[in-house]
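Here's target-v5.pdb, which has PDB, C-alpha atoms and all ligand atoms:
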```
ATOM      1  CA  MET A   1      -6.780  25.288  10.806
ATOM      2  CA  HIS A   2      -4.575  25.574   7.709
ATOM      3  CA  ILE A   3      -6.016  23.487   4.896
ATOM      4  CA  ASP A   4      -4.267  23.344   1.499
ATOM      5  CA  LEU A   5      -6.168  21.193  -0.997
ATOM      6  CA  HIS A   6      -3.874  21.198  -4.053
ATOM      7  CA  ALA A   7      -0.214  20.119  -4.114
ATOM      8  CA  HIS A   8       2.001  18.189  -6.516
ATOM      9  CA  SER A   9       4.853  15.750  -5.830
ATOM     10  CA  ASN A  10       7.374  14.187  -8.176
ATOM     11  CA  ALA A  11       4.756  11.538  -8.927
ATOM     12  CA  SER A  12       3.805  14.202 -11.504
ATOM     13  CA  ASP A  13       5.491  17.556 -12.101
ATOM     14  CA  GLY A  14       6.309  18.704  -8.562
ATOM     15  CA  THR A  15       9.897  18.456  -7.306
ATOM     16  CA  ASP A  16       9.335  17.103  -3.745
ATOM     17  CA  SER A  17       9.006  13.366  -3.280
ATOM     18  CA  PRO A  18       5.672  12.514  -1.622
ATOM     19  CA  ALA A  19       7.492  12.054   1.728
ATOM     20  CA  GLU A  20       9.266  15.407   1.330
ATOM     21  CA  LEU A  21       5.942  17.053   0.538
ATOM     22  CA  VAL A  22       4.514  15.704   3.814
ATOM     23  CA  ALA A  23       7.567  16.957   5.735
ATOM     24  CA  ASN A  24       7.321  20.368   4.069
ATOM     25  CA  ALA A  25       3.597  20.579   4.814
ATOM     26  CA  VAL A  26       4.381  20.099   8.521
ATOM     27  CA  VAL A  27       7.112  22.760   8.374
ATOM     28  CA  ALA A  28       4.651  25.112   6.631
ATOM     29  CA  GLY A  29       2.278  24.667   9.580
ATOM     30  CA  LEU A  30      -0.467  22.942   7.592
ATOM     31  CA  ASP A  31      -3.090  20.825   9.343
ATOM     32  CA  VAL A  32      -4.424  19.323   6.113
ATOM     33  CA  VAL A  33      -2.750  18.830   2.733
ATOM     34  CA  ALA A  34      -4.158  17.175  -0.387
ATOM     35  CA  LEU A  35      -1.819  15.339  -2.753
ATOM     36  CA  THR A  36      -3.227  16.016  -6.226
ATOM     37  CA  ASP A  37      -0.771  14.838  -8.851
ATOM     38  CA  HIS A  38      -1.742  15.091 -12.516
ATOM     39  CA  ASP A  39      -3.696  11.996 -13.614
ATOM     40  CA  THR A  40      -2.039   9.686 -11.092
ATOM     41  CA  VAL A  41      -2.313   8.323  -7.557
ATOM     42  CA  ALA A  42       1.244   6.930  -7.659
ATOM     43  CA  GLY A  43       2.394   9.152  -4.771
ATOM     44  CA  HIS A  44      -0.374   8.221  -2.334
ATOM     45  CA  ALA A  45       1.275   5.216  -0.653
ATOM     46  CA  GLU A  46       4.559   7.010   0.079
ATOM     47  CA  ALA A  47       2.761  10.130   1.360
ATOM     48  CA  ALA A  48       0.470   8.031   3.588
ATOM     49  CA  ALA A  49       3.440   6.159   5.052
ATOM     50  CA  ALA A  50       5.170   9.479   5.765
ATOM     51  CA  VAL A  51       2.070  10.811   7.569
ATOM     52  CA  ARG A  52       1.779   7.655   9.673
ATOM     53  CA  ALA A  53       5.472   7.900  10.591
ATOM     54  CA  LEU A  54       5.254  11.506  11.857
ATOM     55  CA  PRO A  55       6.459  11.847  15.453
ATOM     56  CA  ALA A  56       3.835  12.293  18.178
ATOM     57  CA  GLY A  57       2.678  15.885  18.398
ATOM     58  CA  ARG A  58       3.250  16.509  14.683
ATOM     59  CA  SER A  59      -0.120  15.848  13.185
ATOM     60  CA  LEU A  60      -1.094  16.266   9.549
ATOM     61  CA  THR A  61      -4.141  15.014   7.685
ATOM     62  CA  LEU A  62      -3.453  13.804   4.150
ATOM     63  CA  VAL A  63      -6.278  13.983   1.605
ATOM     64  CA  PRO A  64      -5.512  11.615  -1.260
ATOM     65  CA  GLY A  65      -6.528  13.102  -4.581
ATOM     66  CA  ALA A  66      -5.573  13.778  -8.186
ATOM     67  CA  GLU A  67      -5.829  16.555 -10.775
ATOM     68  CA  LEU A  68      -7.398  15.332 -13.986
ATOM     69  CA  SER A  69      -6.603  16.742 -17.398
ATOM     70  CA  CYS A  70      -9.849  17.634 -19.167
ATOM     71  CA  ARG A  71     -10.853  19.417 -22.362
ATOM     72  CA  VAL A  72     -14.140  20.978 -23.409
ATOM     73  CA  GLU A  73     -14.926  23.122 -26.448
ATOM     74  CA  GLY A  74     -11.225  22.956 -27.317
ATOM     75  CA  ILE A  75     -10.232  24.443 -23.957
ATOM     76  CA  SER A  76      -7.967  22.534 -21.560
ATOM     77  CA  MET A  77      -9.089  22.570 -17.938
ATOM     78  CA  HIS A  78      -8.222  20.724 -14.731
ATOM     79  CA  LEU A  79     -10.539  18.860 -12.399
ATOM     80  CA  LEU A  80      -9.397  18.142  -8.848
ATOM     81  CA  ALA A  81     -10.728  14.905  -7.383
ATOM     82  CA  TYR A  82     -10.609  14.028  -3.700
ATOM     83  CA  LEU A  83     -11.120  10.858  -1.659
ATOM     84  CA  PHE A  84     -12.189   8.603  -4.533
ATOM     85  CA  ASP A  85     -11.597   4.853  -4.518
ATOM     86  CA  PRO A  86      -8.340   4.528  -6.493
ATOM     87  CA  ALA A  87      -9.211   0.944  -7.441
ATOM     88  CA  GLU A  88     -12.583   1.777  -9.028
ATOM     89  CA  PRO A  89     -11.964   0.397 -12.535
ATOM     90  CA  ALA A  90     -13.649   2.939 -14.839
ATOM     91  CA  PHE A  91     -11.932   5.954 -13.312
ATOM     92  CA  ALA A  92      -8.607   4.094 -12.971
ATOM     93  CA  ALA A  93      -8.752   3.204 -16.673
ATOM     94  CA  GLU A  94      -9.333   6.830 -17.674
ATOM     95  CA  ARG A  95      -6.340   8.032 -15.607
ATOM     96  CA  GLU A  96      -4.245   5.318 -17.232
ATOM     97  CA  LEU A  97      -5.345   6.463 -20.699
ATOM     98  CA  VAL A  98      -4.308  10.070 -20.005
ATOM     99  CA  ARG A  99      -0.963   9.034 -18.459
ATOM    100  CA  THR A 100      -0.115   6.783 -21.378
ATOM    101  CA  ASP A 101      -0.877   9.500 -23.913
ATOM    102  CA  ARG A 102       1.385  11.894 -21.970
ATOM    103  CA  PHE A 103       4.380   9.851 -23.241
ATOM    104  CA  ARG A 104       3.371  10.057 -26.914
ATOM    105  CA  ARG A 105       2.661  13.751 -26.557
ATOM    106  CA  GLY A 106       5.832  14.422 -24.555
ATOM    107  CA  ARG A 107       7.951  12.943 -27.341
ATOM    108  CA  ALA A 108       6.078  15.037 -29.910
ATOM    109  CA  VAL A 109       6.617  18.246 -27.886
ATOM    110  CA  VAL A 110      10.342  17.475 -27.603
ATOM    111  CA  GLU A 111      10.450  16.882 -31.372
ATOM    112  CA  ARG A 112       8.765  20.273 -31.996
ATOM    113  CA  CYS A 113      11.234  21.995 -29.640
ATOM    114  CA  ARG A 114      14.148  20.419 -31.527
ATOM    115  CA  GLU A 115      12.698  21.548 -34.883
ATOM    116  CA  LEU A 116      12.510  25.037 -33.389
ATOM    117  CA  GLY A 117      16.195  24.879 -32.511
ATOM    118  CA  ALA A 118      16.137  23.881 -28.835
ATOM    119  CA  PRO A 119      18.903  21.329 -28.088
ATOM    120  CA  ILE A 120      16.906  19.067 -25.758
ATOM    121  CA  SER A 121      16.273  15.318 -25.937
ATOM    122  CA  TRP A 122      13.603  12.867 -24.848
ATOM    123  CA  GLU A 123      16.224  11.033 -22.732
ATOM    124  CA  GLN A 124      16.850  14.292 -20.858
ATOM    125  CA  VAL A 125      13.116  14.781 -20.247
ATOM    126  CA  GLU A 126      12.808  11.165 -19.062
ATOM    127  CA  ARG A 127      15.653  11.757 -16.604
ATOM    128  CA  ILE A 128      13.994  14.947 -15.303
ATOM    129  CA  ALA A 129      10.557  13.348 -15.016
ATOM    130  CA  GLY A 130      11.855  10.157 -13.376
ATOM    131  CA  ALA A 131       8.844   8.057 -12.444
ATOM    132  CA  GLY A 132       6.567  11.100 -12.634
ATOM    133  CA  SER A 133       3.539  11.450 -14.888
ATOM    134  CA  VAL A 134       5.373  13.335 -17.683
ATOM    135  CA  GLY A 135       4.233  16.841 -18.613
ATOM    136  CA  ARG A 136       5.206  20.179 -20.094
ATOM    137  CA  PRO A 137       6.808  21.400 -16.838
ATOM    138  CA  HIS A 138       9.442  18.633 -17.189
ATOM    139  CA  ILE A 139      10.105  19.761 -20.757
ATOM    140  CA  ALA A 140      10.246  23.345 -19.466
ATOM    141  CA  SER A 141      12.980  22.241 -17.034
ATOM    142  CA  ALA A 142      14.854  20.668 -19.971
ATOM    143  CA  LEU A 143      14.618  23.979 -21.859
ATOM    144  CA  VAL A 144      16.045  25.744 -18.786
ATOM    145  CA  GLU A 145      18.890  23.193 -18.541
ATOM    146  CA  ALA A 146      19.676  23.748 -22.216
ATOM    147  CA  GLY A 147      19.806  27.504 -21.684
ATOM    148  CA  VAL A 148      16.950  28.152 -24.111
ATOM    149  CA  VAL A 149      14.935  30.018 -21.469
ATOM    150  CA  ALA A 150      15.935  31.262 -18.019
ATOM    151  CA  THR A 151      13.001  29.929 -15.993
ATOM    152  CA  VAL A 152      10.198  27.355 -16.184
ATOM    153  CA  ASP A 153       7.675  30.212 -16.396
ATOM    154  CA  GLU A 154       9.509  31.636 -19.431
ATOM    155  CA  ALA A 155       9.032  28.300 -21.206
ATOM    156  CA  PHE A 156       5.259  28.835 -20.933
ATOM    157  CA  THR A 157       4.989  31.532 -23.604
ATOM    158  CA  ARG A 158       3.503  31.005 -27.037
ATOM    159  CA  ASP A 159       7.085  30.794 -28.360
ATOM    160  CA  TRP A 160       7.357  27.414 -26.658
ATOM    161  CA  LEU A 161       4.987  25.430 -24.432
ATOM    162  CA  ALA A 162       1.973  27.611 -23.626
ATOM    163  CA  ASN A 163      -1.435  26.331 -24.694
ATOM    164  CA  GLY A 164      -1.537  27.013 -28.434
ATOM    165  CA  GLY A 165       2.204  27.790 -28.452
ATOM    166  CA  ARG A 166       4.640  26.757 -31.188
ATOM    167  CA  ALA A 167       5.673  23.562 -29.390
ATOM    168  CA  ASP A 168       2.350  22.731 -27.747
ATOM    169  CA  VAL A 169       0.909  19.389 -28.805
ATOM    170  CA  PRO A 170      -2.451  18.313 -27.336
ATOM    171  CA  LYS A 171      -2.725  15.162 -25.259
ATOM    172  CA  HIS A 172      -5.778  13.021 -24.607
ATOM    173  CA  GLU A 173      -7.935  14.896 -22.112
ATOM    174  CA  THR A 174     -11.241  13.740 -20.682
ATOM    175  CA  ASP A 175     -14.547  15.469 -21.299
ATOM    176  CA  PRO A 176     -15.194  17.135 -17.930
ATOM    177  CA  VAL A 177     -18.830  16.017 -17.580
ATOM    178  CA  THR A 178     -17.587  12.447 -18.032
ATOM    179  CA  ALA A 179     -14.765  13.123 -15.560
ATOM    180  CA  VAL A 180     -17.148  14.536 -12.921
ATOM    181  CA  ARG A 181     -19.333  11.423 -13.246
ATOM    182  CA  LEU A 182     -16.306   9.092 -13.055
ATOM    183  CA  VAL A 183     -15.097  10.809  -9.870
ATOM    184  CA  ARG A 184     -18.536  10.631  -8.225
ATOM    185  CA  ALA A 185     -19.011   7.005  -9.283
ATOM    186  CA  ALA A 186     -15.700   6.244  -7.531
ATOM    187  CA  GLY A 187     -17.008   7.934  -4.365
ATOM    188  CA  GLY A 188     -14.875  11.055  -4.834
ATOM    189  CA  VAL A 189     -15.563  14.779  -4.768
ATOM    190  CA  PRO A 190     -14.773  16.813  -7.926
ATOM    191  CA  VAL A 191     -13.659  20.453  -7.740
ATOM    192  CA  PHE A 192     -12.893  22.632 -10.760
ATOM    193  CA  ALA A 193      -9.211  23.719 -10.444
ATOM    194  CA  HIS A 194      -8.314  27.381 -11.133
ATOM    195  CA  PRO A 195     -11.357  27.961 -13.395
ATOM    196  CA  GLY A 196     -10.370  31.573 -14.078
ATOM    197  CA  ALA A 197      -6.643  31.152 -14.788
ATOM    198  CA  VAL A 198      -6.540  33.349 -17.899
ATOM    199  CA  LYS A 199      -2.737  33.371 -18.033
ATOM    200  CA  ARG A 200      -2.900  29.721 -19.136
ATOM    201  CA  GLY A 201      -5.109  30.512 -22.110
ATOM    202  CA  ARG A 202      -8.858  30.548 -22.733
ATOM    203  CA  THR A 203     -11.050  29.667 -19.762
ATOM    204  CA  VAL A 204     -14.363  27.827 -19.972
ATOM    205  CA  PRO A 205     -17.642  29.771 -20.191
ATOM    206  CA  ASP A 206     -19.958  29.897 -17.175
ATOM    207  CA  GLN A 207     -22.449  27.697 -19.023
ATOM    208  CA  VAL A 208     -19.940  24.827 -18.929
ATOM    209  CA  ILE A 209     -19.528  25.295 -15.171
ATOM    210  CA  ALA A 210     -23.330  25.184 -14.840
ATOM    211  CA  ASP A 211     -23.377  21.924 -16.851
ATOM    212  CA  LEU A 212     -20.683  20.486 -14.580
ATOM    213  CA  ALA A 213     -22.658  21.515 -11.505
ATOM    214  CA  LEU A 214     -25.649  19.566 -12.843
ATOM    215  CA  ALA A 215     -23.381  16.557 -13.481
ATOM    216  CA  GLY A 216     -22.207  16.555  -9.833
ATOM    217  CA  LEU A 217     -19.379  19.073  -9.476
ATOM    218  CA  GLY A 218     -18.813  19.848  -5.781
ATOM    219  CA  GLY A 219     -16.895  23.094  -5.802
ATOM    220  CA  LEU A 220     -14.741  25.730  -7.454
ATOM    221  CA  GLU A 221     -11.145  26.461  -6.526
ATOM    222  CA  VAL A 222     -11.488  30.219  -6.066
ATOM    223  CA  ASP A 223      -8.463  31.329  -4.043
ATOM    224  CA  HIS A 224      -5.553  30.476  -6.345
ATOM    225  CA  THR A 225      -2.408  32.351  -7.328
ATOM    226  CA  ASP A 226      -3.597  32.610 -10.964
ATOM    227  CA  HIS A 227      -6.828  34.474  -9.987
ATOM    228  CA  ASP A 228      -6.943  38.205  -9.382
ATOM    229  CA  GLU A 229      -9.432  39.654  -6.873
ATOM    230  CA  PRO A 230     -12.202  40.505  -9.416
ATOM    231  CA  THR A 231     -11.978  36.951 -10.780
ATOM    232  CA  ARG A 232     -12.334  35.513  -7.272
ATOM    233  CA  ALA A 233     -15.342  37.697  -6.558
ATOM    234  CA  ARG A 234     -16.990  36.645  -9.821
ATOM    235  CA  LEU A 235     -16.314  32.943  -9.140
ATOM    236  CA  ARG A 236     -17.677  33.224  -5.595
ATOM    237  CA  GLY A 237     -20.882  34.662  -7.028
ATOM    238  CA  LEU A 238     -21.141  31.913  -9.612
ATOM    239  CA  ALA A 239     -20.507  29.213  -6.978
ATOM    240  CA  GLY A 240     -23.287  30.700  -4.847
ATOM    241  CA  GLU A 241     -25.736  30.631  -7.760
ATOM    242  CA  LEU A 242     -24.870  27.032  -8.606
ATOM    243  CA  GLY A 243     -24.765  25.664  -5.050
ATOM    244  CA  LEU A 244     -21.039  24.897  -5.194
ATOM    245  CA  PHE A 245     -18.538  25.338  -2.362
ATOM    246  CA  CYS A 246     -15.365  27.436  -2.752
ATOM    247  CA  THR A 247     -11.862  26.194  -1.967
ATOM    248  CA  GLY A 248      -8.470  27.838  -1.773
ATOM    249  CA  SER A 249      -5.140  26.151  -2.333
ATOM    250  CA  SER A 250      -1.534  26.724  -3.294
ATOM    251  CA  ASP A 251      -1.069  24.412  -6.309
ATOM    252  CA  TYR A 252       2.428  23.864  -4.881
ATOM    253  CA  HIS A 253       4.976  22.341  -7.306
ATOM    254  CA  GLY A 254       8.125  22.494  -5.119
ATOM    255  CA  ALA A 255      10.997  24.273  -6.865
ATOM    256  CA  ARG A 256       9.235  24.250 -10.242
ATOM    257  CA  LYS A 257       6.960  27.133  -9.261
ATOM    258  CA  SER A 258       7.399  29.978  -6.813
ATOM    259  CA  VAL A 259       4.122  29.523  -4.891
ATOM    260  CA  ARG A 260       4.569  28.197  -1.353
ATOM    261  CA  LEU A 261       2.594  25.537   0.510
ATOM    262  CA  GLY A 262      -0.308  27.136   2.361
ATOM    263  CA  ALA A 263      -0.172  30.318   0.251
ATOM    264  CA  PHE A 264      -3.967  29.935  -0.135
ATOM    265  CA  THR A 265      -6.196  27.841   2.085
ATOM    266  CA  THR A 266      -9.695  26.393   2.425
ATOM    267  CA  ALA A 267     -12.146  27.197   5.237
ATOM    268  CA  PRO A 268     -12.678  24.378   7.804
ATOM    269  CA  GLN A 269     -16.446  24.247   7.170
ATOM    270  CA  VAL A 270     -15.822  23.755   3.438
ATOM    271  CA  PHE A 271     -13.422  20.916   4.248
ATOM    272  CA  GLU A 272     -16.118  19.359   6.467
ATOM    273  CA  GLU A 273     -18.571  19.565   3.563
ATOM    274  CA  LEU A 274     -16.054  17.899   1.251
ATOM    275  CA  LEU A 275     -15.516  15.090   3.788
ATOM    276  CA  ALA A 276     -19.274  14.647   4.133
ATOM    277  CA  GLN A 277     -19.651  14.179   0.361
ATOM    278  CA  ALA A 278     -16.797  11.644   0.015
ATOM    279  CA  THR A 279     -17.401   7.905   0.178
ATOM    280  CA  GLY A 280     -14.496   6.447  -1.818
ATOM    281  CA  ALA A 281     -11.573   6.780   0.622
ATOM    282  CA  GLU A 282     -10.703   8.092   4.073
ATOM    283  CA  PRO A 283      -8.249  10.886   4.811
ATOM    284  CA  ILE A 284      -5.009   9.638   6.384
ATOM    285  CA  ARG A 285      -4.189  11.012   9.812
TER     286      ARG A 285
HETATM  287  P1  LIG B   1       0.561  19.329 -19.016
HETATM  288  O1  LIG B   1      -0.111  18.664 -17.868
HETATM  289  O2  LIG B   1       1.731  18.575 -19.525
HETATM  290  O3  LIG B   1      -0.394  19.745 -20.107
HETATM  291  O4  LIG B   1       1.176  20.678 -18.428
HETATM  292  C1  LIG B   1       0.308  21.520 -17.723
HETATM  293  C2  LIG B   1       1.026  22.098 -16.519
HETATM  294  O5  LIG B   1       1.920  23.098 -16.949
HETATM  295  C3  LIG B   1       0.060  22.801 -15.596
HETATM  296  O6  LIG B   1      -0.449  21.934 -14.621
HETATM  297  C4  LIG B   1       0.925  23.844 -14.958
HETATM  298  O7  LIG B   1       1.629  23.283 -13.853
HETATM  299  C5  LIG B   1       1.920  24.177 -16.031
HETATM  300  N1  LIG B   1       1.528  25.396 -16.745
HETATM  301  C6  LIG B   1       0.561  25.555 -17.664
HETATM  302  N2  LIG B   1       0.494  26.827 -18.098
HETATM  303  C7  LIG B   1       1.454  27.483 -17.431
HETATM  304  C8  LIG B   1       1.889  28.837 -17.428
HETATM  305  N3  LIG B   1       1.338  29.756 -18.216
HETATM  306  N4  LIG B   1       2.913  29.163 -16.610
HETATM  307  C9  LIG B   1       3.501  28.241 -15.821
HETATM  308  N5  LIG B   1       3.121  26.945 -15.772
HETATM  309  C10 LIG B   1       2.112  26.569 -16.565
HETATM  310 ZN    ZN B   2       1.464  20.599 -12.513
HETATM  311 FE    FE B   3      -3.837  22.664 -12.733
HETATM  312 FE    FE B   4      -2.029  21.658 -10.126
END
```

Would you encode the structure as structure tokens?
Amino acid sequence: MHIDLHAHSNASDGTDSPAELVANAVVAGLDVVALTDHDTVAGHAEAAAAVRALPAGRSLTLVPGAELSCRVEGISMHLLAYLFDPAEPAFAAERELVRTDRFRRGRAVVERCRELGAPISWEQVERIAGAGSVGRPHIASALVEAGVVATVDEAFTRDWLANGGRADVPKHETDPVTAVRLVRAAGGVPVFAHPGAVKRGRTVPDQVIADLALAGLGGLEVDHTDHDEPTRARLRGLAGELGLFCTGSSDYHGARKSVRLGAFTTAPQVFEELLAQATGAEPIR
């Protein structure tokens, strides 16, 4: 079983359409893929239709999800949420709040880039983002187009878009204890995404993870491209102490990042546990 529980489509800052993501997951030999766009479920319907239209003998299970933008003690962090009821009003309203603020913040980041001499425009970023939940990776692509940096990764230095960088502007991000409760109240399962990704900036202290565990966190995403082996070992130990399960996933973004679908995967028994905890939605087969 090849189970990848974290992938983005162009409903946020990935480059595959949801249908292309499903097709690519089949090509990559995945049995299960989760669609976890930033703060949105806009890609779910298209991905579900693509799964249902797969020819006989090509089976793929789609786990509808999202990746929520959170902030605690001034540190940005991401919370994966799986199999929640997308219509549950309190959680839907919070996603809407974050998405809406992404537009204000996106304009402000573009303005900062222009002040710093980068010849990009909001219209360009809108074209790149299309219908997607707009974020810094779209602005990074605009900086690449303008020849300011050579790659999307190079745009994520403190010179430009990195957390705390010259052109970084904060957006509304949910308190993670609140987010964990919203996900559970919508029948979903919350998992802390890449909790040890130091290359993105400061990471949250273990005490915060303990608080989240008490609030209902289900697991930690341990096997991730941004974690080295000592970090994974430490997170596995922490998960064990706190009674959390451990996942692995690619955090695929299509052409916007180099990591491939299925680069990291989740054990079948962990996936079974996740399914057992979920009451808000069914996986699509
Ligand atoms: P935003 O959601 O607009 O705040 O942008 C955050 C996204 O930017 C993350 O989900 C990553 O995909 C990407 N990102 C953040 N830090 C880095 C980094 N250091 N290198 C490459 N991509 C990054
Ligand atoms: Zn992303
Ligand atoms: Fe993330
Ligand atoms: Fe992600």

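Of the residues listed (A:Pro137, A:Pro86, A:Gly147, A:Gly262), A:Pro86 shows the shortest atom-to-atom separation from A:Thr279; distances use all atoms listed in the file.
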
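Taking only C-alpha atoms into account, the polymer residues that have an atom no farther than 10 Å from (-10.6, 23.3, -28.2) are Arg71, Val72, Glu73, Gly74, Ile75, Ser76, Gly164, Pro170 and Arg202 of chain A.
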
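A cut-off of 9 Å from the point (-4.9, 23.8, 0.4), with all atoms listed in the file, picks out the residues His2, Ile3, Asp4, Leu5, His6, Ala7, Leu30, Val32, Val33, Ala34, Thr247, Gly248, Ser249, Ser250, Asp251, Leu261, Gly262, Ala263, Phe264, Thr265 and Thr266 of chain A.
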
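The coordinates place atom CA of A:Cys70 at 20.9 Å from atom CA of A:Arg166.
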
Residues in the PyMOL selection byres (((chain A and resi 110-123) around 7) and not hetatm), expressed as a ChimeraX atom specification: /A:106-109,124-127,142-143,146,148,167

Report, as AutoDock Vina command-line options, the axis-aligned box around all atoms of stretch 179-196 of chain A present in the file, extended by 3 Å on each side; give centre and edge lengths in Å to one decimal place.
```
--center_x -13.8 --center_y 18.9 --center_z -10.0 --size_x 17.0 --size_y 31.3 --size_z 17.2
```

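By all atoms listed in the file, and with residues fewer than 2 positions from A:Ser17 along its chain excluded, the set lying at most 10 Å from it is His8, Ser9, Asn10, Ala11, Ser12, Gly14, Thr15, Ala19, Glu20, Leu21, Val22, Ala23, Gly43, Glu46, Ala47, Gly132 and Gly254 of chain A.
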
Rebuild stretch 216-223 of chain A so that it carries all heavy atoms, then output the result as a PDB file, in the frame of the given file.
```
ATOM      1  N   GLY A 216     -22.680  16.994 -11.146  1.00  0.00           N
ATOM      2  CA  GLY A 216     -22.207  16.555  -9.833  1.00  0.00           C
ATOM      3  C   GLY A 216     -20.960  17.252  -9.318  1.00  0.00           C
ATOM      4  O   GLY A 216     -20.387  16.819  -8.311  1.00  0.00           O
ATOM      5  N   LEU A 217     -20.534  18.318  -9.980  1.00  0.00           N
ATOM      6  CA  LEU A 217     -19.379  19.073  -9.476  1.00  0.00           C
ATOM      7  C   LEU A 217     -19.652  19.523  -8.037  1.00  0.00           C
ATOM      8  O   LEU A 217     -20.768  19.938  -7.725  1.00  0.00           O
ATOM      9  CB  LEU A 217     -19.129  20.295 -10.366  1.00  0.00           C
ATOM     10  CG  LEU A 217     -17.862  21.111 -10.069  1.00  0.00           C
ATOM     11  CD1 LEU A 217     -16.601  20.311 -10.414  1.00  0.00           C
ATOM     12  CD2 LEU A 217     -17.863  22.429 -10.853  1.00  0.00           C
ATOM     13  N   GLY A 218     -18.624  19.445  -7.175  1.00  0.00           N
ATOM     14  CA  GLY A 218     -18.813  19.848  -5.781  1.00  0.00           C
ATOM     15  C   GLY A 218     -18.446  21.294  -5.517  1.00  0.00           C
ATOM     16  O   GLY A 218     -19.111  21.973  -4.742  1.00  0.00           O
ATOM     17  N   GLY A 219     -17.367  21.756  -6.140  1.00  0.00           N
ATOM     18  CA  GLY A 219     -16.895  23.094  -5.802  1.00  0.00           C
ATOM     19  C   GLY A 219     -16.022  23.711  -6.859  1.00  0.00           C
ATOM     20  O   GLY A 219     -15.679  23.094  -7.870  1.00  0.00           O
ATOM     21  N   LEU A 220     -15.669  24.975  -6.617  1.00  0.00           N
ATOM     22  CA  LEU A 220     -14.741  25.730  -7.454  1.00  0.00           C
ATOM     23  C   LEU A 220     -13.538  26.126  -6.610  1.00  0.00           C
ATOM     24  O   LEU A 220     -13.696  26.576  -5.471  1.00  0.00           O
ATOM     25  CB  LEU A 220     -15.391  27.023  -7.989  1.00  0.00           C
ATOM     26  CG  LEU A 220     -16.646  26.900  -8.853  1.00  0.00           C
ATOM     27  CD1 LEU A 220     -17.095  28.308  -9.295  1.00  0.00           C
ATOM     28  CD2 LEU A 220     -16.396  26.006 -10.062  1.00  0.00           C
ATOM     29  N   GLU A 221     -12.357  25.979  -7.183  1.00  0.00           N
ATOM     30  CA  GLU A 221     -11.145  26.461  -6.526  1.00  0.00           C
ATOM     31  C   GLU A 221     -11.036  27.961  -6.831  1.00  0.00           C
ATOM     32  O   GLU A 221     -10.673  28.351  -7.936  1.00  0.00           O
ATOM     33  CB  GLU A 221      -9.935  25.701  -7.075  1.00  0.00           C
ATOM     34  CG  GLU A 221      -8.640  26.023  -6.357  1.00  0.00           C
ATOM     35  CD  GLU A 221      -7.457  25.312  -6.999  1.00  0.00           C
ATOM     36  OE1 GLU A 221      -7.249  25.435  -8.224  1.00  0.00           O
ATOM     37  OE2 GLU A 221      -6.737  24.607  -6.273  1.00  0.00           O
ATOM     38  N   VAL A 222     -11.386  28.769  -5.850  1.00  0.00           N
ATOM     39  CA  VAL A 222     -11.488  30.219  -6.066  1.00  0.00           C
ATOM     40  C   VAL A 222     -10.194  30.935  -5.688  1.00  0.00           C
ATOM     41  O   VAL A 222      -9.688  31.763  -6.447  1.00  0.00           O
ATOM     42  CB  VAL A 222     -12.683  30.782  -5.263  1.00  0.00           C
ATOM     43  CG1 VAL A 222     -12.681  32.307  -5.295  1.00  0.00           C
ATOM     44  CG2 VAL A 222     -14.000  30.229  -5.830  1.00  0.00           C
ATOM     45  N   ASP A 223      -9.690  30.656  -4.489  1.00  0.00           N
ATOM     46  CA  ASP A 223      -8.463  31.329  -4.043  1.00  0.00           C
ATOM     47  C   ASP A 223      -7.253  30.564  -4.582  1.00  0.00           C
ATOM     48  O   ASP A 223      -6.896  29.499  -4.077  1.00  0.00           O
ATOM     49  CB  ASP A 223      -8.441  31.432  -2.513  1.00  0.00           C
ATOM     50  CG  ASP A 223      -9.482  32.422  -2.013  1.00  0.00           C
ATOM     51  OD1 ASP A 223      -9.500  33.556  -2.532  1.00  0.00           O
ATOM     52  OD2 ASP A 223     -10.279  32.052  -1.141  1.00  0.00           O
TER      53      ASP A 223
END
```
